[in-house]
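This report refers to the structure that appears directly beneath it.
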Amino acid sequence: MKKTKKAAFMLSSLSIYKGVLTRSVPSAFHKLLLSVDEEPETFLNAYGDFYRLLCDRNASNSLSYTMTEAALFDENYFTRTATADKVSEMSEDEKKAVVRDIDAILFASQITPEDVINDYKYKEEIDDIIDCLPKWHCGTPSEEFVDFNDNLDKIAKFHREKGCGMFARYRSFVWRDKGIEPIINDDKVRISDLVDYEYQRDLVVENTRAFIEGRNANNCLLYGDMGTGKSTTVKATVNEFRRYGLRIVEIPKEKLMEFPLLIDAIAQVPMKFIIFIDDLSFQRQDECYTSLKAVLEGGVAALPKNALIYATSNRRHLVREKSSDKLEIMDDDDLHSSDTVQEKLSLVYRFGVRIYYGAPSKKEFQ
């Protein structure tokens, strides 16, 4: 069997790592390998499309790295199991399937342009064109796949420390269009970059450390004056604990009604999440207010064990209060007006940790 056809068939038979073929470069490469028996126009189109994608990904000198990186960031049964540190619970047949898939990806990633051209069925008919085709270089695979030798330990260690799928590639995410999307250019701020507010910051860090270590931890509300570093503290804390599998998902406050969908999306992911709500406040008790309160109170759509809510606000009580509110309550003949007021203020007390960030004095600022 021709080397290119063997590589094509091996990729076609992927099972656990089948998702690799949905990535642009592996998909285009697979298509090229399958085209070695096709008419010249089909073959040349496949060749050109593949090389264009390699250049777009700055990978014309590193096919092997690009292929194995696609495998490294694929989310599948093995990578999820490894992230949860449960590879030992996999059956031997499942482990063999993983090994076979990785061997197939490594074999295909070493196919050279010369292999493809030599195996092409009609190369004599277009030899003058083939001689001018651009060439790629295979290079070396990603570090985790070097010297693989059917040993899953190094790859499992990567997932155990860094997660799987997009959660291994990125650290920050946003809830958008009823789905989790990665933030490519996120804030890289670290705790060491911050100035003052050590007491407040230590509370956030210690609560987060307890969460990572599986100890009791609380949802946090960071409130106080503008520009005091509330949001930055949250981002810096997540960056500090990223290597322990912590990720942050920001949900806009106007999307809080979709909180149950977000919870469903992360509940089965074997990682830890901070759900971040920035500049949280409400003009009145609305559906968004009710949705968040239900989650914090442990309703049907309660937070899973792998998630906490960290929110920031410039308001102490989150819900805007007006003097006219009391008049409205009286006009409504509310027999328990104090309960009504307390209901409006109750959300803040659903956060187990509440941290105040006050504006610095002139001396402190200087």
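Chain labels run A, B, ... following the order of the structure tokens; each chain numbers its residues from 1, and ligands are numbered from 1 in the order shown.
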Near-Asp196 of chain A list (12 Å; only C-alpha atoms; drop same-chain fewer than 4 positions) as a ChimeraX atom specification = /A:191-192,200-202,228-230,233,357-360,364-366
Can you pull out every residue within 12 Å of Leu133 of chain A, counting only C-alpha atoms, but drop anything in the same chain fewer than 2 positions away, and send it as a list in words?
->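 In the requested format, the answer is Phe43, Leu44, Asn45, Ala46, Tyr47, Gly48, Phe50, Tyr51, Arg52, Pro113, Glu114, Val116, Ile117, Lys123, Ile126, Asp127, Asp128, Ile129, Ile130, Asp131, Lys135 and Trp136 of chain A.
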Selected residue, from A:Glu125, A:Glu250, A:Glu39, A:Glu258, that lies nearest to Ile274 of chain A when counting only C-alpha atoms =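 Between A:Glu125, A:Glu250, A:Glu39, A:Glu258, the residue approaching Ile274 of chain A most closely is A:Glu250.
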Mind pulling up the distance from atom CA of Met166 of chain A to atom CA of Cys55 of chain A?
-> 22.5 Å
Find the residues around Thr68 of chain A up to 9 Å (only C-alpha atoms counted), leave out those fewer than 6 positions away in its own chain, and share them as an NGL selection string.
-> :A and (102 or 105-106 or 109 or 141-142 or 144-145)
Give me every strand (DSSP E) residue in segment 15-211 of chain A, going by DSSP on the backbone, as a PyMOL selection string.
-> chain A and resi 172-176+179-182
